[in-house]
$ cat model_25.pdb   # PDB, C-alpha atoms, pLDDT in the B column
ATOM      1  CA  MET A   1    -134.107  65.709  -5.190  1.00 48.00           C
ATOM      2  CA  LYS A   2    -135.172  68.941  -6.841  1.00 53.00           C
ATOM      3  CA  PRO A   3    -133.070  71.925  -5.627  1.00 52.00           C
ATOM      4  CA  GLU A   4    -136.184  73.884  -4.638  1.00 53.00           C
ATOM      5  CA  LEU A   5    -137.131  71.137  -2.130  1.00 57.00           C
ATOM      6  CA  ALA A   6    -133.760  70.945  -0.369  1.00 58.00           C
ATOM      7  CA  ALA A   7    -134.573  73.646   2.222  1.00 65.00           C
ATOM      8  CA  LEU A   8    -137.902  72.099   3.270  1.00 64.00           C
ATOM      9  CA  PRO A   9    -138.376  69.838   6.332  1.00 67.00           C
ATOM     10  CA  GLU A  10    -137.908  66.142   5.609  1.00 73.00           C
ATOM     11  CA  HIS A  11    -141.532  65.182   6.342  1.00 62.00           C
ATOM     12  CA  VAL A  12    -142.750  67.878   3.917  1.00 60.00           C
ATOM     13  CA  ILE A  13    -140.378  66.611   1.228  1.00 64.00           C
ATOM     14  CA  ARG A  14    -141.647  63.035   1.730  1.00 71.00           C
ATOM     15  CA  HIS A  15    -145.249  64.240   1.454  1.00 66.00           C
ATOM     16  CA  ILE A  16    -144.553  66.190  -1.737  1.00 67.00           C
ATOM     17  CA  GLU A  17    -142.723  63.224  -3.274  1.00 63.00           C
ATOM     18  CA  HIS A  18    -145.631  60.950  -2.305  1.00 64.00           C
ATOM     19  CA  LEU A  19    -148.137  63.277  -3.981  1.00 67.00           C
ATOM     20  CA  GLU A  20    -145.925  63.456  -7.053  1.00 65.00           C
ATOM     21  CA  ARG A  21    -145.869  59.629  -7.280  1.00 69.00           C
ATOM     22  CA  ILE A  22    -149.665  59.553  -6.958  1.00 69.00           C
ATOM     23  CA  ARG A  23    -149.980  62.116  -9.748  1.00 64.00           C
ATOM     24  CA  ARG A  24    -147.666  60.181 -12.078  1.00 65.00           C
ATOM     25  CA  ASP A  25    -149.383  56.858 -11.346  1.00 67.00           C
ATOM     26  CA  PHE A  26    -152.835  58.375 -11.869  1.00 68.00           C
ATOM     27  CA  ILE A  27    -151.898  59.847 -15.255  1.00 68.00           C
ATOM     28  CA  ALA A  28    -150.235  56.617 -16.362  1.00 67.00           C
ATOM     29  CA  ASN A  29    -153.175  54.430 -15.263  1.00 70.00           C
ATOM     30  CA  VAL A  30    -155.860  56.653 -16.778  1.00 71.00           C
ATOM     31  CA  SER A  31    -153.926  56.945 -20.043  1.00 66.00           C
ATOM     32  CA  HIS A  32    -153.517  53.180 -20.184  1.00 70.00           C
ATOM     33  CA  GLU A  33    -157.231  52.599 -19.577  1.00 73.00           C
ATOM     34  CA  LEU A  34    -158.177  55.097 -22.308  1.00 75.00           C
ATOM     35  CA  ARG A  35    -156.017  53.382 -24.899  1.00 73.00           C
ATOM     36  CA  THR A  36    -158.279  50.346 -25.512  1.00 79.00           C
ATOM     37  CA  PRO A  37    -161.646  52.123 -25.932  1.00 80.00           C
ATOM     38  CA  LEU A  38    -160.030  54.718 -28.188  1.00 78.00           C
ATOM     39  CA  THR A  39    -158.572  51.960 -30.341  1.00 81.00           C
ATOM     40  CA  VAL A  40    -162.018  50.346 -30.683  1.00 83.00           C
ATOM     41  CA  ILE A  41    -163.741  53.643 -31.551  1.00 83.00           C
ATOM     42  CA  HIS A  42    -161.004  54.498 -34.030  1.00 78.00           C
ATOM     43  CA  GLY A  43    -161.349  51.104 -35.713  1.00 81.00           C
ATOM     44  CA  TYR A  44    -165.121  51.406 -36.140  1.00 78.00           C
ATOM     45  CA  LEU A  45    -164.800  54.927 -37.554  1.00 81.00           C
ATOM     46  CA  GLU A  46    -162.207  53.746 -40.070  1.00 81.00           C
ATOM     47  CA  ALA A  47    -164.575  50.966 -41.147  1.00 80.00           C
ATOM     48  CA  MET A  48    -167.392  53.471 -41.591  1.00 78.00           C
ATOM     49  CA  LEU A  49    -165.202  55.773 -43.660  1.00 78.00           C
ATOM     50  CA  ASP A  50    -164.174  52.852 -45.861  1.00 79.00           C
ATOM     51  CA  GLN A  51    -167.805  52.135 -46.707  1.00 74.00           C
ATOM     52  CA  ALA A  52    -168.924  53.487 -50.080  1.00 64.00           C
ATOM     53  CA  HIS A  53    -172.660  52.950 -49.525  1.00 68.00           C
ATOM     54  CA  ASP A  54    -174.947  55.850 -50.356  1.00 66.00           C
ATOM     55  CA  ALA A  55    -176.610  55.481 -46.958  1.00 68.00           C
ATOM     56  CA  THR A  56    -173.415  56.578 -45.162  1.00 68.00           C
ATOM     57  CA  GLN A  57    -172.621  59.583 -47.364  1.00 73.00           C
ATOM     58  CA  PRO A  58    -174.718  62.159 -45.420  1.00 76.00           C
ATOM     59  CA  TRP A  59    -172.723  61.208 -42.313  1.00 78.00           C
ATOM     60  CA  ARG A  60    -169.282  61.098 -43.924  1.00 78.00           C
ATOM     61  CA  ASN A  61    -168.109  64.539 -42.757  1.00 82.00           C
ATOM     62  CA  ILE A  62    -169.226  63.740 -39.212  1.00 83.00           C
ATOM     63  CA  PHE A  63    -167.391  60.406 -39.277  1.00 81.00           C
ATOM     64  CA  LEU A  64    -164.305  62.133 -40.658  1.00 82.00           C
ATOM     65  CA  GLN A  65    -164.274  64.747 -37.866  1.00 83.00           C
ATOM     66  CA  MET A  66    -164.770  62.030 -35.254  1.00 84.00           C
ATOM     67  CA  HIS A  67    -161.936  60.024 -36.813  1.00 79.00           C
ATOM     68  CA  GLN A  68    -159.599  63.032 -36.699  1.00 78.00           C
ATOM     69  CA  GLN A  69    -160.427  63.676 -33.044  1.00 80.00           C
ATOM     70  CA  THR A  70    -159.798  60.044 -32.057  1.00 81.00           C
ATOM     71  CA  LEU A  71    -156.395  60.286 -33.765  1.00 78.00           C
ATOM     72  CA  ARG A  72    -155.647  63.394 -31.724  1.00 75.00           C
ATOM     73  CA  MET A  73    -156.773  61.685 -28.504  1.00 79.00           C
ATOM     74  CA  GLU A  74    -154.696  58.586 -29.282  1.00 75.00           C
ATOM     75  CA  ASN A  75    -151.669  60.814 -29.837  1.00 71.00           C
ATOM     76  CA  LEU A  76    -152.342  62.543 -26.518  1.00 75.00           C
ATOM     77  CA  VAL A  77    -152.623  59.212 -24.681  1.00 77.00           C
ATOM     78  CA  GLU A  78    -149.384  57.920 -26.211  1.00 75.00           C
ATOM     79  CA  ASN A  79    -147.576  61.127 -25.241  1.00 71.00           C
ATOM     80  CA  LEU A  80    -148.909  60.935 -21.676  1.00 75.00           C
ATOM     81  CA  LEU A  81    -147.737  57.318 -21.370  1.00 75.00           C
ATOM     82  CA  LEU A  82    -144.302  58.207 -22.748  1.00 75.00           C
ATOM     83  CA  LEU A  83    -144.002  61.170 -20.392  1.00 74.00           C
ATOM     84  CA  ALA A  84    -145.022  59.020 -17.400  1.00 73.00           C
ATOM     85  CA  ARG A  85    -142.406  56.423 -18.337  1.00 74.00           C
ATOM     86  CA  LEU A  86    -139.700  59.052 -18.711  1.00 74.00           C
ATOM     87  CA  GLU A  87    -140.566  60.547 -15.310  1.00 71.00           C
ATOM     88  CA  ASN A  88    -140.468  57.152 -13.589  1.00 69.00           C
ATOM     89  CA  GLU A  89    -137.154  55.963 -15.018  1.00 64.00           C
ATOM     90  CA  THR A  90    -133.776  57.023 -13.671  1.00 50.00           C
ATOM     91  CA  GLU A  91    -130.816  58.465 -15.522  1.00 44.00           C
ATOM     92  CA  THR A  92    -128.777  55.326 -14.825  1.00 44.00           C
ATOM     93  CA  GLN A  93    -130.900  53.503 -17.375  1.00 49.00           C
ATOM     94  CA  CYS A  94    -129.480  55.631 -20.220  1.00 46.00           C
ATOM     95  CA  SER A  95    -126.500  54.845 -22.463  1.00 46.00           C
ATOM     96  CA  GLU A  96    -128.001  51.632 -23.780  1.00 76.00           C
ATOM     97  CA  GLU A  97    -126.639  51.828 -27.318  1.00 88.00           C
ATOM     98  CA  THR A  98    -124.672  53.921 -29.757  1.00 92.00           C
ATOM     99  CA  VAL A  99    -127.167  55.869 -31.890  1.00 94.00           C
ATOM    100  CA  ASP A 100    -126.430  57.035 -35.430  1.00 96.00           C
ATOM    101  CA  ILE A 101    -127.843  60.560 -35.098  1.00 96.00           C
ATOM    102  CA  ALA A 102    -126.965  61.618 -38.653  1.00 96.00           C
ATOM    103  CA  ARG A 103    -129.036  58.789 -40.114  1.00 96.00           C
ATOM    104  CA  MET A 104    -131.847  59.435 -37.633  1.00 96.00           C
ATOM    105  CA  LEU A 105    -132.024  63.145 -38.484  1.00 97.00           C
ATOM    106  CA  SER A 106    -132.050  62.344 -42.217  1.00 96.00           C
ATOM    107  CA  SER A 107    -135.061  60.061 -41.689  1.00 95.00           C
ATOM    108  CA  ILE A 108    -136.875  62.636 -39.538  1.00 95.00           C
ATOM    109  CA  CYS A 109    -136.273  65.381 -42.115  1.00 95.00           C
ATOM    110  CA  ASP A 110    -137.795  63.150 -44.804  1.00 94.00           C
ATOM    111  CA  GLU A 111    -140.861  62.762 -42.577  1.00 93.00           C
ATOM    112  CA  ALA A 112    -140.904  66.534 -41.986  1.00 94.00           C
ATOM    113  CA  ARG A 113    -140.959  67.170 -45.757  1.00 94.00           C
ATOM    114  CA  THR A 114    -143.962  64.879 -46.031  1.00 92.00           C
ATOM    115  CA  LEU A 115    -145.627  66.678 -43.104  1.00 88.00           C
ATOM    116  CA  SER A 116    -145.025  70.034 -44.775  1.00 91.00           C
ATOM    117  CA  ASN A 117    -146.339  68.737 -48.112  1.00 89.00           C
ATOM    118  CA  GLN A 118    -143.111  70.071 -49.657  1.00 88.00           C
ATOM    119  CA  GLN A 119    -144.134  73.639 -48.756  1.00 93.00           C
ATOM    120  CA  HIS A 120    -140.941  74.362 -46.807  1.00 95.00           C
ATOM    121  CA  ASN A 121    -137.287  74.359 -47.733  1.00 95.00           C
ATOM    122  CA  ILE A 122    -135.810  71.890 -45.224  1.00 96.00           C
ATOM    123  CA  GLN A 123    -132.012  71.693 -45.258  1.00 96.00           C
ATOM    124  CA  LEU A 124    -129.947  69.108 -43.370  1.00 97.00           C
ATOM    125  CA  HIS A 125    -126.230  69.396 -42.549  1.00 97.00           C
ATOM    126  CA  VAL A 126    -124.792  66.594 -40.415  1.00 96.00           C
ATOM    127  CA  ASP A 127    -121.444  65.166 -39.382  1.00 95.00           C
ATOM    128  CA  PRO A 128    -121.858  61.367 -39.672  1.00 95.00           C
ATOM    129  CA  ALA A 129    -118.860  60.781 -37.404  1.00 95.00           C
ATOM    130  CA  ILE A 130    -120.740  62.078 -34.344  1.00 95.00           C
ATOM    131  CA  LYS A 131    -122.960  59.589 -32.509  1.00 95.00           C
ATOM    132  CA  LEU A 132    -124.589  59.417 -29.076  1.00 95.00           C
ATOM    133  CA  PHE A 133    -124.989  56.905 -26.253  1.00 92.00           C
ATOM    134  CA  GLY A 134    -128.639  56.660 -25.286  1.00 91.00           C
ATOM    135  CA  PHE A 135    -132.066  55.297 -26.135  1.00 86.00           C
ATOM    136  CA  SER A 136    -132.796  55.487 -29.843  1.00 90.00           C
ATOM    137  CA  ASP A 137    -136.587  55.750 -29.470  1.00 86.00           C
ATOM    138  CA  GLU A 138    -136.339  58.578 -26.949  1.00 90.00           C
ATOM    139  CA  LEU A 139    -133.851  60.542 -29.031  1.00 94.00           C
ATOM    140  CA  ARG A 140    -136.057  60.132 -32.118  1.00 92.00           C
ATOM    141  CA  SER A 141    -139.004  61.488 -30.116  1.00 90.00           C
ATOM    142  CA  LEU A 142    -136.867  64.445 -28.961  1.00 93.00           C
ATOM    143  CA  PHE A 143    -135.656  65.457 -32.411  1.00 96.00           C
ATOM    144  CA  SER A 144    -138.999  64.734 -34.096  1.00 93.00           C
ATOM    145  CA  ASN A 145    -140.874  67.007 -31.696  1.00 91.00           C
ATOM    146  CA  ILE A 146    -138.512  69.910 -32.294  1.00 95.00           C
ATOM    147  CA  ILE A 147    -138.286  69.516 -36.086  1.00 95.00           C
ATOM    148  CA  PHE A 148    -142.016  68.910 -36.587  1.00 93.00           C
ATOM    149  CA  ASN A 149    -142.769  71.983 -34.441  1.00 92.00           C
ATOM    150  CA  ALA A 150    -140.578  74.023 -36.782  1.00 94.00           C
ATOM    151  CA  VAL A 151    -142.723  72.834 -39.692  1.00 94.00           C
ATOM    152  CA  LYS A 152    -146.012  73.513 -37.895  1.00 91.00           C
ATOM    153  CA  TYR A 153    -145.070  77.061 -36.876  1.00 91.00           C
ATOM    154  CA  THR A 154    -143.326  78.163 -40.064  1.00 94.00           C
ATOM    155  CA  PRO A 155    -145.512  79.575 -42.866  1.00 93.00           C
ATOM    156  CA  ALA A 156    -145.423  77.925 -46.278  1.00 92.00           C
ATOM    157  CA  GLY A 157    -142.335  78.931 -48.243  1.00 92.00           C
ATOM    158  CA  GLY A 158    -140.260  79.289 -45.071  1.00 95.00           C
ATOM    159  CA  GLN A 159    -136.779  77.933 -44.383  1.00 96.00           C
ATOM    160  CA  ILE A 160    -135.867  75.228 -41.852  1.00 96.00           C
ATOM    161  CA  SER A 161    -132.306  74.063 -41.293  1.00 97.00           C
ATOM    162  CA  VAL A 162    -131.171  71.139 -39.158  1.00 97.00           C
ATOM    163  CA  ASP A 163    -127.486  70.979 -38.184  1.00 97.00           C
ATOM    164  CA  TRP A 164    -125.635  68.232 -36.299  1.00 97.00           C
ATOM    165  CA  PHE A 165    -122.064  69.167 -35.408  1.00 96.00           C
ATOM    166  CA  LEU A 166    -119.381  69.082 -32.731  1.00 95.00           C
ATOM    167  CA  GLN A 167    -118.062  72.273 -31.127  1.00 93.00           C
ATOM    168  CA  ASP A 168    -115.789  72.442 -28.071  1.00 91.00           C
ATOM    169  CA  ASN A 169    -116.419  68.714 -27.404  1.00 91.00           C
ATOM    170  CA  VAL A 170    -120.175  69.346 -27.241  1.00 95.00           C
ATOM    171  CA  ALA A 171    -122.507  67.794 -29.822  1.00 96.00           C
ATOM    172  CA  HIS A 172    -125.093  70.261 -31.105  1.00 97.00           C
ATOM    173  CA  CYS A 173    -128.408  69.514 -32.763  1.00 97.00           C
ATOM    174  CA  ARG A 174    -129.578  72.931 -33.951  1.00 97.00           C
ATOM    175  CA  VAL A 175    -132.964  73.520 -35.592  1.00 97.00           C
ATOM    176  CA  ARG A 176    -133.461  76.973 -37.094  1.00 97.00           C
ATOM    177  CA  ASP A 177    -136.632  78.221 -38.770  1.00 96.00           C
ATOM    178  CA  THR A 178    -138.068  81.403 -40.255  1.00 95.00           C
ATOM    179  CA  GLY A 179    -141.394  80.865 -38.513  1.00 93.00           C
ATOM    180  CA  ILE A 180    -143.698  83.024 -36.441  1.00 91.00           C
ATOM    181  CA  GLY A 181    -141.295  83.168 -33.495  1.00 91.00           C
ATOM    182  CA  ILE A 182    -141.989  83.215 -29.772  1.00 89.00           C
ATOM    183  CA  ALA A 183    -142.182  86.197 -27.424  1.00 89.00           C
ATOM    184  CA  THR A 184    -139.486  86.280 -24.730  1.00 88.00           C
ATOM    185  CA  GLU A 185    -141.916  85.881 -21.821  1.00 88.00           C
ATOM    186  CA  HIS A 186    -143.124  82.516 -23.162  1.00 88.00           C
ATOM    187  CA  VAL A 187    -139.715  80.887 -23.697  1.00 88.00           C
ATOM    188  CA  PRO A 188    -139.060  79.761 -20.055  1.00 86.00           C
ATOM    189  CA  ARG A 189    -142.414  77.921 -19.963  1.00 87.00           C
ATOM    190  CA  LEU A 190    -142.269  76.144 -23.322  1.00 87.00           C
ATOM    191  CA  THR A 191    -141.261  72.794 -21.807  1.00 84.00           C
ATOM    192  CA  GLU A 192    -144.122  72.748 -19.267  1.00 82.00           C
ATOM    193  CA  ARG A 193    -146.872  70.176 -19.784  1.00 78.00           C
ATOM    194  CA  PHE A 194    -149.768  71.506 -21.886  1.00 75.00           C
ATOM    195  CA  TYR A 195    -148.254  74.989 -22.119  1.00 76.00           C
ATOM    196  CA  ARG A 196    -149.200  76.615 -25.422  1.00 72.00           C
ATOM    197  CA  VAL A 197    -148.222  80.062 -26.676  1.00 71.00           C
ATOM    198  CA  ASP A 198    -151.286  80.083 -28.942  1.00 66.00           C
ATOM    199  CA  PRO A 199    -153.775  77.393 -27.776  1.00 56.00           C
ATOM    200  CA  ALA A 200    -156.099  77.772 -30.785  1.00 52.00           C
ATOM    201  CA  ARG A 201    -153.258  77.425 -33.307  1.00 53.00           C
ATOM    202  CA  SER A 202    -151.738  74.484 -31.423  1.00 51.00           C
ATOM    203  CA  ARG A 203    -155.020  72.563 -31.363  1.00 52.00           C
ATOM    204  CA  ALA A 204    -155.627  73.326 -35.048  1.00 55.00           C
ATOM    205  CA  SER A 205    -152.218  71.835 -35.909  1.00 54.00           C
ATOM    206  CA  GLY A 206    -152.952  68.693 -33.896  1.00 55.00           C
ATOM    207  CA  GLY A 207    -150.562  69.528 -31.061  1.00 60.00           C
ATOM    208  CA  THR A 208    -150.987  68.002 -27.604  1.00 64.00           C
ATOM    209  CA  GLY A 209    -148.936  70.514 -25.626  1.00 72.00           C
ATOM    210  CA  LEU A 210    -146.659  67.693 -24.436  1.00 80.00           C
ATOM    211  CA  GLY A 211    -143.995  67.547 -27.146  1.00 82.00           C
ATOM    212  CA  LEU A 212    -141.484  69.885 -25.538  1.00 88.00           C
ATOM    213  CA  ALA A 213    -142.199  68.473 -22.060  1.00 86.00           C
ATOM    214  CA  ILE A 214    -141.191  65.074 -23.453  1.00 86.00           C
ATOM    215  CA  ALA A 215    -138.148  66.678 -25.089  1.00 88.00           C
ATOM    216  CA  ARG A 216    -137.076  68.159 -21.740  1.00 89.00           C
ATOM    217  CA  HIS A 217    -137.251  64.782 -19.978  1.00 87.00           C
ATOM    218  CA  VAL A 218    -135.328  63.028 -22.750  1.00 89.00           C
ATOM    219  CA  LEU A 219    -132.633  65.694 -22.517  1.00 93.00           C
ATOM    220  CA  LEU A 220    -132.451  65.341 -18.729  1.00 88.00           C
ATOM    221  CA  ARG A 221    -132.077  61.575 -19.035  1.00 87.00           C
ATOM    222  CA  HIS A 222    -129.243  62.098 -21.513  1.00 90.00           C
ATOM    223  CA  CYS A 223    -127.510  64.772 -19.367  1.00 89.00           C
ATOM    224  CA  ALA A 224    -128.141  67.364 -22.089  1.00 94.00           C
ATOM    225  CA  ASP A 225    -129.397  70.929 -22.267  1.00 94.00           C
ATOM    226  CA  LEU A 226    -131.846  72.835 -24.454  1.00 95.00           C
ATOM    227  CA  LYS A 227    -131.232  76.425 -25.527  1.00 96.00           C
ATOM    228  CA  ILE A 228    -133.983  78.453 -27.196  1.00 95.00           C
ATOM    229  CA  ASP A 229    -133.539  81.743 -29.009  1.00 94.00           C
ATOM    230  CA  SER A 230    -136.569  83.248 -30.719  1.00 93.00           C
ATOM    231  CA  THR A 231    -137.768  86.552 -32.150  1.00 91.00           C
ATOM    232  CA  PRO A 232    -141.467  87.114 -32.983  1.00 92.00           C
ATOM    233  CA  GLY A 233    -141.944  87.447 -36.717  1.00 90.00           C
ATOM    234  CA  GLU A 234    -138.408  86.277 -37.518  1.00 91.00           C
ATOM    235  CA  GLY A 235    -138.096  82.686 -36.356  1.00 94.00           C
ATOM    236  CA  SER A 236    -136.636  80.418 -33.688  1.00 95.00           C
ATOM    237  CA  ILE A 237    -133.523  78.418 -32.912  1.00 96.00           C
ATOM    238  CA  PHE A 238    -133.771  75.292 -30.753  1.00 96.00           C
ATOM    239  CA  CYS A 239    -130.413  73.772 -29.872  1.00 97.00           C
ATOM    240  CA  CYS A 240    -129.865  70.497 -27.992  1.00 97.00           C
ATOM    241  CA  LEU A 241    -126.413  70.235 -26.370  1.00 97.00           C
ATOM    242  CA  PHE A 242    -124.901  66.824 -25.547  1.00 96.00           C
ATOM    243  CA  LYS A 243    -121.597  66.496 -23.730  1.00 90.00           C
ATOM    244  CA  GLY A 244    -119.344  64.137 -21.847  1.00 85.00           C
ATOM    245  CA  LYS A 245    -119.540  60.381 -22.342  1.00 86.00           C
ATOM    246  CA  ARG A 246    -122.805  60.701 -24.276  1.00 91.00           C
ATOM    247  CA  VAL A 247    -120.827  61.855 -27.317  1.00 92.00           C
ATOM    248  CA  VAL A 248    -119.107  59.245 -29.473  1.00 91.00           C
ATOM    249  CA  THR A 249    -116.866  60.314 -32.327  1.00 88.00           C
ATOM    250  CA  SER A 250    -115.258  58.190 -34.998  1.00 77.00           C
ATOM    251  CA  THR A 251    -112.681  58.931 -37.648  1.00 61.00           C
TER
END
$ encode --input "model_25.pdb" --output "structure tokens"
Amino acid sequence: MKPELAALPEHVIRHIEHLERIRRDFIANVSHELRTPLTVIHGYLEAMLDQAHDATQPWRNIFLQMHQQTLRMENLVENLLLLARLENETETQCSEETVDIARMLSSICDEARTLSNQQHNIQLHVDPAIKLFGFSDELRSLFSNIIFNAVKYTPAGGQISVDWFLQDNVAHCRVRDTGIGIATEHVPRLTERFYRVDPARSRASGGTGLGLAIARHVLLRHCADLKIDSTPGEGSIFCCLFKGKRVVTST
């Protein structure tokens, strides 16, 4: 039970929990139903773009914009489905496998360099002896969202560093950038669904506004915390903290 509900009468708590279940089910069902038609539309648009006939050339830019928007909608649907699944599963379903975080972060940083078109200096420093218990796919989503955000909100030529280390028996995944930074008043709301500091910029970069909400749920399911330190015009630091039995060390 959420702490803010503890003081409410039991029948009110049951009603709120019932409404919350309805909301989650509605989002999951609608997202699932949208997936098939979007896949069909996306497939037809790809076929049209692959055509080299002169008759389709006047429409090519229109098809391309439609194709880009279907990609964005498909990404939104997938994120909504993932978020619904994370909300509906319990913490006891964690700790399924030992995850090689150093290897995972190396792979994600390679993807980030491709995303940045080699316009950023992305440095990786990891301790390969530190691993985690948890779901590999969820942890990849967590770290990808944070690292890709650093790329999206750091101007070309900027610096991004990813560190994976152990300190005081707590495993840290720290992502530092020299990006545009975030004003203090926005930081507490960053992990809310669809919350955007700059909506126009977020949409232009293809963001759905769900990445950090997903990150928050993955962290909760892995009994971890997220610390954010940011200064406008100087950059941001996002640090994921894992402790207890989630951390596995080897010599």
$ resolve_selection --input "model_25.pdb" --expression "the PyMOL selection byres ((chain A and resi 34) around 12)" --output "ChimeraX atom specification"
/A:27-33,35-41,70,73-78,80-81
$ resolve_selection --input "model_25.pdb" --expression "the PyMOL selection byres ((chain A and resi 143-155) around 7)" --output "list in words"
Ile108, Ala112, Ser116, Leu139, Arg140, Ser141, Leu142, Ala156, Gly157, Gly158, Val175, Asp177, Thr178, Gly179, Ile180, Ser205, Gly211 and Leu212 of chain A
$ residues_around --input "model_25.pdb" --residues "His172 of chain A" --least-positions-apart "5" --cutoff "8 Å" --atoms "all atoms listed in the file" --output "ChimeraX atom specification"
/A:163-167,239-242
$ residues_near_point --input "model_25.pdb" --point "(-127.5, 71.6, -43.4)" --cutoff "8 Å" --atoms "all atoms listed in the file" --output "PyMOL selection string"
chain A and resi 123-126+161-163
$ atom_distance --input "model_25.pdb" --atom1 "atom CA of Leu132 of chain A" --atom2 "atom CA of Phe194 of chain A"
28.8 Å
$ atom_distance --input "model_25.pdb" --atom1 "atom CA of Asp100 of chain A" --atom2 "atom CA of Asn117 of chain A"
26.3 Å
$ closest_residue --input "model_25.pdb" --among "A:Thr114, A:Asn79, A:Asn169, A:Asn61" --to "Lys243 of chain A" --atoms "all atoms listed in the file"
A:Asn169
$ closest_residue --input "model_25.pdb" --among "A:Ser250, A:Ile62, A:His186, A:His67" --to "Leu45 of chain A" --atoms "all atoms listed in the file"
A:His67
$ residues_around --input "model_25.pdb" --residues "Leu49 of chain A" --least-positions-apart "5" --cutoff "9 Å" --atoms "all atoms listed in the file" --output "ChimeraX atom specification"
/A:44,56,60,63-64,67
$ write_last_selection --input "model_25.pdb" --atoms "C-alpha atoms" --output "PDB file, in the coordinates of the input"
ATOM      1  CA  TYR A  44    -165.121  51.406 -36.140  1.00 78.00           C
ATOM      2  CA  THR A  56    -173.415  56.578 -45.162  1.00 68.00           C
ATOM      3  CA  ARG A  60    -169.282  61.098 -43.924  1.00 78.00           C
ATOM      4  CA  PHE A  63    -167.391  60.406 -39.277  1.00 81.00           C
ATOM      5  CA  LEU A  64    -164.305  62.133 -40.658  1.00 82.00           C
ATOM      6  CA  HIS A  67    -161.936  60.024 -36.813  1.00 79.00           C
TER       7      HIS A  67
END
$ closest_residue --input "model_25.pdb" --among "A:His217, A:Pro188, A:Asp127, A:Gln118" --to "Ser106 of chain A" --atoms "only C-alpha atoms"
A:Asp127
$ atom_distance --input "model_25.pdb" --atom1 "atom CA of Ile214 of chain A" --atom2 "atom CA of Glu10 of chain A"
29.3 Å
$ closest_residue --input "model_25.pdb" --among "A:Arg174, A:Arg113, A:His42, A:Arg103" --to "Ser136 of chain A" --atoms "all atoms listed in the file"
A:Arg103
$ residues_around --input "model_25.pdb" --residues "Arg176 of chain A" --least-positions-apart "5" --cutoff "6 Å" --atoms "all atoms listed in the file" --output "list in words"
Ile160, Ser161, Ser236 and Ile237 of chain A
$ resolve_selection --input "model_25.pdb" --expression "the PyMOL selection byres ((chain A and resi 224) around 9)" --output "PyMOL selection string"
chain A and resi 216+218-223+225-226+240-243+246
$ axis_aligned_box --input "model_25.pdb" --around "segment 78-84 of chain A" --padding-each-side "5 Å" --output "AutoDock Vina command-line options"
--center_x -146.7 --center_y 59.2 --center_z -21.8 --size_x 15.4 --size_y 13.9 --size_z 18.8
$ closest_residue --input "model_25.pdb" --among "A:Leu210, A:Thr184, A:Cys173, A:Leu83" --to "Phe238 of chain A" --atoms "all atoms listed in the file"
A:Cys173
$ closest_residue --input "model_25.pdb" --among "A:Phe135, A:Thr249, A:Leu105, A:Ile130" --to "Leu86 of chain A" --atoms "all atoms listed in the file"
A:Phe135
